[in-house]
$ cat structure-v4.tsv   # TSV, C-alpha atoms and all ligand atoms
chain	number	residue	atom	x	y	z
A	1431	MET	CA	22.04	-25.84	-55.33
A	1432	LEU	CA	25.57	-24.97	-56.33
A	1433	ASN	CA	27.23	-23.29	-53.35
A	1434	ILE	CA	30.82	-22.23	-53.93
A	1435	VAL	CA	33.15	-20.83	-51.30
A	1436	LEU	CA	35.65	-18.77	-53.29
A	1437	PHE	CA	38.64	-18.66	-51.03
A	1438	GLY	CA	42.08	-17.05	-50.95
A	1439	PRO	CA	44.15	-14.28	-49.40
A	1440	PRO	CA	43.40	-10.58	-49.99
A	1441	GLY	CA	44.32	-9.73	-53.57
A	1442	ALA	CA	43.93	-13.31	-54.83
A	1443	GLY	CA	41.25	-12.21	-57.32
A	1444	LYS	CA	38.17	-13.54	-55.51
A	1445	GLY	CA	35.96	-10.55	-56.42
A	1446	THR	CA	36.87	-10.66	-60.11
A	1447	GLN	CA	36.38	-14.41	-60.42
A	1448	ALA	CA	33.19	-14.32	-58.33
A	1449	GLU	CA	31.69	-11.92	-60.86
A	1450	TYR	CA	32.55	-14.32	-63.67
A	1451	LEU	CA	31.15	-17.37	-61.83
A	1452	THR	CA	27.98	-15.48	-60.91
A	1453	ARG	CA	27.33	-14.81	-64.61
A	1454	GLU	CA	28.41	-18.24	-65.81
A	1455	TYR	CA	26.25	-20.23	-63.38
A	1456	GLN	CA	23.53	-17.64	-62.53
A	1457	LEU	CA	24.38	-17.65	-58.84
A	1458	VAL	CA	23.90	-15.03	-56.15
A	1459	HIS	CA	27.18	-13.30	-55.25
A	1460	LEU	CA	27.64	-12.73	-51.52
A	1461	SER	CA	30.71	-10.63	-50.69
A	1462	THR	CA	30.90	-9.71	-47.02
A	1463	GLY	CA	33.54	-7.05	-47.83
A	1464	ASP	CA	31.15	-5.35	-50.30
A	1465	MET	CA	28.29	-5.59	-47.81
A	1466	LEU	CA	30.38	-4.04	-45.06
A	1467	ARG	CA	31.54	-1.24	-47.39
A	1468	SER	CA	27.86	-0.50	-48.20
A	1469	GLU	CA	27.12	-0.24	-44.49
A	1470	ILE	CA	30.05	2.19	-44.13
A	1471	ALA	CA	28.85	4.26	-47.10
A	1472	ALA	CA	25.35	4.41	-45.58
A	1473	GLY	CA	26.83	5.53	-42.26
A	1474	THR	CA	24.96	2.85	-40.26
A	1475	PRO	CA	26.06	1.99	-36.69
A	1476	LEU	CA	27.19	-1.41	-38.00
A	1477	GLY	CA	29.27	0.33	-40.67
A	1478	ILE	CA	30.87	2.62	-38.11
A	1479	GLN	CA	31.79	-0.39	-35.95
A	1480	ALA	CA	33.10	-2.42	-38.91
A	1481	ARG	CA	35.18	0.44	-40.26
A	1482	GLN	CA	37.34	0.58	-37.12
A	1483	LYS	CA	38.50	-2.97	-37.86
A	1484	MET	CA	38.65	-2.75	-41.64
A	1485	ASP	CA	40.82	0.37	-41.64
A	1486	LYS	CA	43.44	-1.54	-39.64
A	1487	GLY	CA	43.23	-4.68	-41.76
A	1488	GLU	CA	41.67	-6.65	-38.89
A	1489	LEU	CA	38.65	-8.94	-39.15
A	1490	VAL	CA	35.20	-7.67	-38.25
A	1491	PRO	CA	33.67	-9.73	-35.38
A	1492	ASP	CA	32.24	-13.10	-36.44
A	1493	GLU	CA	28.76	-12.33	-35.07
A	1494	ILE	CA	28.40	-9.32	-37.38
A	1495	VAL	CA	29.29	-11.11	-40.61
A	1496	ILE	CA	27.37	-14.27	-39.70
A	1497	ASP	CA	24.28	-12.17	-39.06
A	1498	ILE	CA	24.64	-10.37	-42.41
A	1499	ILE	CA	25.05	-13.68	-44.27
A	1500	GLU	CA	22.04	-15.19	-42.50
A	1501	HIS	CA	19.83	-12.37	-43.75
A	1502	LYS	CA	21.20	-12.59	-47.29
A	1503	LEU	CA	20.63	-16.35	-47.42
A	1504	GLU	CA	17.02	-15.82	-46.40
A	1505	ALA	CA	16.64	-13.11	-49.03
A	1506	GLY	CA	18.16	-15.44	-51.64
A	1507	ARG	CA	15.72	-18.32	-51.17
A	1508	GLY	CA	14.92	-19.85	-54.54
A	1509	ALA	CA	18.35	-19.01	-55.99
A	1510	LYS	CA	20.27	-21.60	-58.01
A	1511	GLY	CA	23.11	-21.25	-55.55
A	1512	PHE	CA	25.55	-18.85	-53.94
A	1513	ILE	CA	29.12	-17.70	-54.40
A	1514	PHE	CA	30.62	-16.83	-51.03
A	1515	ASP	CA	33.40	-14.30	-51.58
A	1516	GLY	CA	35.48	-13.35	-48.53
A	1517	PHE	CA	33.28	-15.46	-46.26
A	1518	PRO	CA	33.92	-17.58	-44.24
A	1519	ARG	CA	37.15	-16.17	-42.86
A	1520	THR	CA	37.34	-18.05	-39.55
A	1521	VAL	CA	36.51	-21.58	-38.42
A	1522	LYS	CA	33.60	-20.16	-36.43
A	1523	GLN	CA	32.18	-18.56	-39.58
A	1524	ALA	CA	32.65	-21.79	-41.55
A	1525	SER	CA	30.73	-23.87	-39.04
A	1526	ALA	CA	28.01	-21.20	-38.84
A	1527	LEU	CA	27.72	-21.35	-42.63
A	1528	ASP	CA	27.34	-25.13	-42.52
A	1529	GLU	CA	24.53	-24.75	-39.98
A	1530	LEU	CA	22.77	-22.01	-41.92
A	1531	LEU	CA	22.88	-24.02	-45.13
A	1532	GLU	CA	21.71	-27.14	-43.33
A	1533	ARG	CA	18.52	-25.27	-42.42
A	1534	VAL	CA	17.74	-24.94	-46.11
A	1535	SER	CA	18.94	-28.52	-46.78
A	1536	THR	CA	21.83	-27.59	-49.04
A	1537	PRO	CA	25.55	-27.95	-48.26
A	1538	VAL	CA	28.67	-26.12	-49.46
A	1539	THR	CA	29.42	-27.83	-52.78
A	1540	ALA	CA	33.11	-26.93	-52.99
A	1541	MET	CA	35.74	-24.60	-51.60
A	1542	LEU	CA	37.95	-23.25	-54.38
A	1543	SER	CA	41.14	-21.72	-53.09
A	1544	LEU	CA	43.02	-19.24	-55.29
A	1545	GLU	CA	46.72	-19.55	-54.55
A	1546	VAL	CA	48.93	-16.51	-55.12
A	1547	ASP	CA	52.32	-15.77	-53.55
A	1548	ASN	CA	52.68	-12.95	-51.02
A	1549	LYS	CA	54.88	-10.74	-53.20
A	1550	GLU	CA	52.34	-10.76	-56.01
A	1551	LEU	CA	49.47	-10.11	-53.55
A	1552	ILE	CA	51.15	-6.97	-52.19
A	1553	MET	CA	51.84	-5.73	-55.72
A	1554	ARG	CA	48.25	-6.34	-56.86
A	1555	LEU	CA	46.71	-4.69	-53.77
A	1556	LEU	CA	48.91	-1.60	-54.00
A	1557	SER	CA	48.03	-1.15	-57.66
A	1558	ARG	CA	44.31	-1.74	-56.93
A	1559	GLY	CA	44.57	0.89	-54.17
A	1560	LYS	CA	45.46	3.53	-56.75
A	1561	VAL	CA	42.04	3.11	-58.41
A	1562	SER	CA	39.76	1.53	-55.78
A	1563	GLY	CA	40.06	4.35	-53.27
A	1564	ARG	CA	40.04	1.68	-50.55
A	1565	ALA	CA	42.09	2.87	-47.58
A	1566	ASP	CA	43.04	-0.72	-46.74
A	1567	ASP	CA	44.59	-1.16	-50.23
A	1568	GLN	CA	46.80	1.92	-50.04
A	1569	ASP	CA	49.06	1.33	-47.08
A	1570	LYS	CA	51.70	-1.39	-47.26
A	1571	SER	CA	51.65	-2.10	-43.53
A	1572	ILE	CA	47.83	-2.52	-43.52
A	1573	ILE	CA	48.11	-4.85	-46.51
A	1574	GLU	CA	50.79	-6.88	-44.74
A	1575	ASN	CA	48.55	-7.08	-41.67
A	1576	ARG	CA	45.63	-8.34	-43.80
A	1577	ILE	CA	47.86	-11.03	-45.26
A	1578	SER	CA	49.13	-12.11	-41.85
A	1579	VAL	CA	45.55	-12.17	-40.46
A	1580	TYR	CA	44.71	-14.39	-43.44
A	1581	HIS	CA	47.51	-16.82	-42.59
A	1582	GLU	CA	46.67	-16.89	-38.90
A	1583	LYS	CA	42.86	-16.97	-38.88
A	1584	THR	CA	41.62	-17.83	-42.36
A	1585	ALA	CA	44.11	-20.31	-43.84
A	1586	PRO	CA	43.12	-22.96	-41.21
A	1587	LEU	CA	39.87	-23.27	-43.18
A	1588	ILE	CA	41.81	-25.16	-45.83
A	1589	GLU	CA	42.08	-28.02	-43.34
A	1590	TYR	CA	38.41	-27.57	-42.36
A	1591	TYR	CA	37.25	-28.10	-45.95
A	1592	LYS	CA	39.86	-30.78	-46.67
A	1593	GLN	CA	38.27	-32.82	-43.91
A	1594	GLN	CA	34.95	-32.51	-45.73
A	1595	ASN	CA	36.63	-33.43	-49.06
A	1596	LYS	CA	35.57	-30.07	-50.48
A	1597	TYR	CA	38.91	-28.28	-50.86
A	1598	PHE	CA	40.31	-27.58	-54.34
A	1599	GLY	CA	43.48	-25.51	-54.76
A	1600	ILE	CA	43.85	-23.45	-57.94
A	1601	ASP	CA	46.81	-21.54	-59.31
A	1602	GLY	CA	45.60	-17.93	-58.96
A	1603	GLN	CA	48.40	-16.46	-61.09
A	1604	GLY	CA	48.10	-15.81	-64.82
A	1605	SER	CA	45.44	-14.09	-66.91
A	1606	ILE	CA	41.89	-13.55	-65.59
A	1607	ASP	CA	40.54	-15.76	-68.41
A	1608	ASP	CA	42.98	-18.58	-67.68
A	1609	ILE	CA	42.08	-18.58	-63.99
A	1610	ALA	CA	38.36	-18.50	-64.84
A	1611	ALA	CA	38.87	-21.52	-67.12
A	1612	ARG	CA	40.64	-23.40	-64.29
A	1613	LEU	CA	37.69	-22.69	-61.98
A	1614	LYS	CA	35.20	-23.85	-64.59
A	1615	THR	CA	37.11	-27.10	-65.11
A	1616	LEU	CA	36.73	-27.82	-61.41
A	1617	ILE	CA	33.12	-26.71	-61.05
A	1618	ASP	CA	31.54	-28.45	-64.05
A	1619	PRO	CA	32.04	-32.02	-62.75
A	1620	GLN	CA	30.72	-30.91	-59.34
A	1621	ARG	CA	27.54	-29.65	-60.97
A	1622	GLN	CA	26.97	-32.90	-62.77
A	1623	SER	CA	27.07	-34.79	-59.48
A	1624	LEU	CA	24.51	-32.50	-57.81
B	1701	LIG	P1	37.43	-7.92	-48.60
B	1701	LIG	O1	36.67	-6.97	-49.45
B	1701	LIG	O2	36.88	-9.33	-48.66
B	1701	LIG	O3	38.91	-7.87	-48.85
B	1701	LIG	O4	37.22	-7.45	-47.09
B	1701	LIG	C1	37.67	-6.20	-46.64
B	1701	LIG	C2	37.66	-6.16	-45.13
B	1701	LIG	O5	36.34	-6.38	-44.64
B	1701	LIG	C3	38.50	-7.24	-44.44
B	1701	LIG	O6	39.87	-6.87	-44.32
B	1701	LIG	C4	37.83	-7.34	-43.09
B	1701	LIG	O7	38.17	-6.25	-42.26
B	1701	LIG	C5	36.36	-7.17	-43.46
B	1701	LIG	N1	35.70	-8.46	-43.76
B	1701	LIG	C6	35.18	-8.87	-44.95
B	1701	LIG	N2	34.68	-10.10	-44.86
B	1701	LIG	C7	34.87	-10.50	-43.58
B	1701	LIG	C8	34.59	-11.70	-42.88
B	1701	LIG	N3	34.01	-12.74	-43.45
B	1701	LIG	N4	34.95	-11.75	-41.56
B	1701	LIG	C9	35.52	-10.71	-40.94
B	1701	LIG	N5	35.84	-9.56	-41.55
B	1701	LIG	C10	35.52	-9.45	-42.87

$ encode --input "structure-v4.tsv" --output "structure tokens" --more "lines below"
Ligand code: AMP
Amino acid sequence: MLNIVLFGPPGAGKGTQAEYLTREYQLVHLSTGDMLRSEIAAGTPLGIQARQKMDKGELVPDEIVIDIIEHKLEAGRGAKGFIFDGFPRTVKQASALDELLERVSTPVTAMLSLEVDNKELIMRLLSRGKVSGRADDQDKSIIENRISVYHEKTAPLIEYYKQQNKYFGIDGQGSIDDIAARLKTLIDPQRQSL
């Protein structure tokens, strides 16, 4: 299986590139942010709990997202592989993912990290907020909080995956097609060695 962790700060373009990779390699796209927003839209107790965190730009508790991913992995049995978009976001989530994948005898193939500078991230998120309707994309202080949460809790995963020799940094600035081509250049050799 080809299991890609698409990594990067909020606004790095993970969702856009995940859609491309899903089509290109026929993978199952797992975005915890999208899943949580569906729970909110459906008004479930989980959604109500998650929303309190998301509206402030904080992370939803690990147990909640790990549980969601566990169910999706079970539902995706037989898939060619997965694109993890916005998950894992903490070391605890990353080690839970390793354990969950171990159960189905398939590891994370690679962690691809989209690198974009903070100024550009803020600009992209504010302009996305005008069309996405996402409350967390419309307020500069919430955006700044999401970026600082990324640096504090999520960026340490770079080291986590470096230790497993699975980290690949990619320039996340430029056109969508150029970034997609950079990702493909990194993924194709990985596939051949599967
Ligand atoms: P995203 O759509 O990936 O930008 O996620 C939007 C929000 O959902 C984040 O700011 C978090 O509040 C929450 N969220 C999404 N994925 C996770 C995760 N893996 N761990 C904790 N919170 C998450």

$ residues_near_ligand --input "structure-v4.tsv" --ligand "ligand LIG 1701 (chain B)" --cutoff "7 Å" --atoms "all atoms listed in the file" --output "count of residues only"
21

$ residues_around --input "structure-v4.tsv" --residues "Ile1498 of chain A" --least-positions-apart "3" --cutoff "10 Å" --atoms "only C-alpha atoms" --output "PDB file with C-alpha atoms, keeping the file's coordinate frame"
ATOM      1  CA  LEU A1460      27.640 -12.730 -51.520  1.00  0.00           C
ATOM      2  CA  THR A1462      30.900  -9.710 -47.020  1.00  0.00           C
ATOM      3  CA  MET A1465      28.290  -5.590 -47.810  1.00  0.00           C
ATOM      4  CA  LEU A1466      30.380  -4.040 -45.060  1.00  0.00           C
ATOM      5  CA  GLU A1493      28.760 -12.330 -35.070  1.00  0.00           C
ATOM      6  CA  ILE A1494      28.400  -9.320 -37.380  1.00  0.00           C
ATOM      7  CA  VAL A1495      29.290 -11.110 -40.610  1.00  0.00           C
ATOM      8  CA  HIS A1501      19.830 -12.370 -43.750  1.00  0.00           C
ATOM      9  CA  LYS A1502      21.200 -12.590 -47.290  1.00  0.00           C
ATOM     10  CA  LEU A1503      20.630 -16.350 -47.420  1.00  0.00           C
TER      11      LEU A1503
END

$ atom_distance --input "structure-v4.tsv" --atom1 "atom CA of Glu1574 of chain A" --atom2 "atom CA of Asp1607 of chain A"
27.3 Å

$ residues_near_point --input "structure-v4.tsv" --point "(20.6, -17.1, -42.3)" --cutoff "9 Å" --atoms "all atoms listed in the file" --output "list in words"
Ile1496, Asp1497, Ile1498, Ile1499, Glu1500, His1501, Lys1502, Leu1503, Glu1504, Ala1505, Leu1527, Glu1529, Leu1530, Leu1531 and Arg1533 of chain A

$ atom_distance --input "structure-v4.tsv" --atom1 "atom CA of Phe1437 of chain A" --atom2 "atom CA of Val1458 of chain A"
16.0 Å

$ residues_around --input "structure-v4.tsv" --residues "Leu1616 of chain A" --least-positions-apart "6" --cutoff "12 Å" --atoms "all atoms listed in the file" --output "list in words"
Ile1434, Leu1451, Thr1539, Ala1540, Met1541, Leu1542, Ser1543, Lys1596, Tyr1597, Phe1598, Gly1599, Ile1600, Ile1609, Ala1610 and Gln1622 of chain A

$ atom_distance --input "structure-v4.tsv" --atom1 "atom CA of Val1538 of chain A" --atom2 "atom CA of Glu1550 of chain A"
29.0 Å

$ residues_around --input "structure-v4.tsv" --residues "Glu1545 of chain A" --least-positions-apart "5" --cutoff "10 Å" --atoms "all atoms listed in the file" --output "PyMOL selection string"
chain A and resi 1437-1439+1442-1443+1551+1599-1603

$ closest_residue --input "structure-v4.tsv" --among "A:Ile1470, A:Ala1611, A:Ala1448, A:Leu1587" --to "Arg1564 of chain A" --atoms "all atoms listed in the file"
A:Ile1470

$ closest_residue --input "structure-v4.tsv" --among "A:Asp1567, A:Asp1485, A:Asp1528, A:Glu1454" --to "Gln1594 of chain A" --atoms "all atoms listed in the file"
A:Asp1528

$ closest_residue --input "structure-v4.tsv" --among "A:His1459, A:Ser1468, A:Leu1544, A:Ala1480" --to "Arg1612 of chain A" --atoms "all atoms listed in the file"
A:Leu1544

$ axis_aligned_box --input "structure-v4.tsv" --around "segment 1432-1436 of chain A" --padding-each-side "8 Å" --output "JSON"
{"center_x": 30.6, "center_y": -21.9, "center_z": -53.8, "size_x": 26.1, "size_y": 22.2, "size_z": 21.0}

$ closest_residue --input "structure-v4.tsv" --among "A:Arg1621, A:Lys1549, A:Lys1614, A:Arg1554" --to "Arg1453 of chain A" --atoms "all atoms listed in the file"
A:Lys1614

$ closest_residue --input "structure-v4.tsv" --among "A:Ala1526, A:Ala1472, A:Ile1513, A:Leu1555" --to "Asn1433 of chain A" --atoms "all atoms listed in the file"
A:Ile1513

$ closest_residue --input "structure-v4.tsv" --among "A:Leu1556, A:Ala1565, A:Val1435, A:Ile1478" --to "Tyr1591 of chain A" --atoms "all atoms listed in the file"
A:Val1435

$ residues_around --input "structure-v4.tsv" --residues "Leu1432 of chain A" --least-positions-apart "5" --cutoff "10 Å" --atoms "all atoms listed in the file" --output "PyMOL selection string"
chain A and resi 1455-1457+1509-1513+1536-1540+1617+1620-1621+1624

$ write_last_selection --input "structure-v4.tsv" --atoms "C-alpha atoms" --output "PDB file, in the coordinates of the input"
ATOM      1  CA  TYR A1455      26.250 -20.230 -63.380  1.00  0.00           C
ATOM      2  CA  GLN A1456      23.530 -17.640 -62.530  1.00  0.00           C
ATOM      3  CA  LEU A1457      24.380 -17.650 -58.840  1.00  0.00           C
ATOM      4  CA  ALA A1509      18.350 -19.010 -55.990  1.00  0.00           C
ATOM      5  CA  LYS A1510      20.270 -21.600 -58.010  1.00  0.00           C
ATOM      6  CA  GLY A1511      23.110 -21.250 -55.550  1.00  0.00           C
ATOM      7  CA  PHE A1512      25.550 -18.850 -53.940  1.00  0.00           C
ATOM      8  CA  ILE A1513      29.120 -17.700 -54.400  1.00  0.00           C
ATOM      9  CA  THR A1536      21.830 -27.590 -49.040  1.00  0.00           C
ATOM     10  CA  PRO A1537      25.550 -27.950 -48.260  1.00  0.00           C
ATOM     11  CA  VAL A1538      28.670 -26.120 -49.460  1.00  0.00           C
ATOM     12  CA  THR A1539      29.420 -27.830 -52.780  1.00  0.00           C
ATOM     13  CA  ALA A1540      33.110 -26.930 -52.990  1.00  0.00           C
ATOM     14  CA  ILE A1617      33.120 -26.710 -61.050  1.00  0.00           C
ATOM     15  CA  GLN A1620      30.720 -30.910 -59.340  1.00  0.00           C
ATOM     16  CA  ARG A1621      27.540 -29.650 -60.970  1.00  0.00           C
ATOM     17  CA  LEU A1624      24.510 -32.500 -57.810  1.00  0.00           C
TER      18      LEU A1624
END
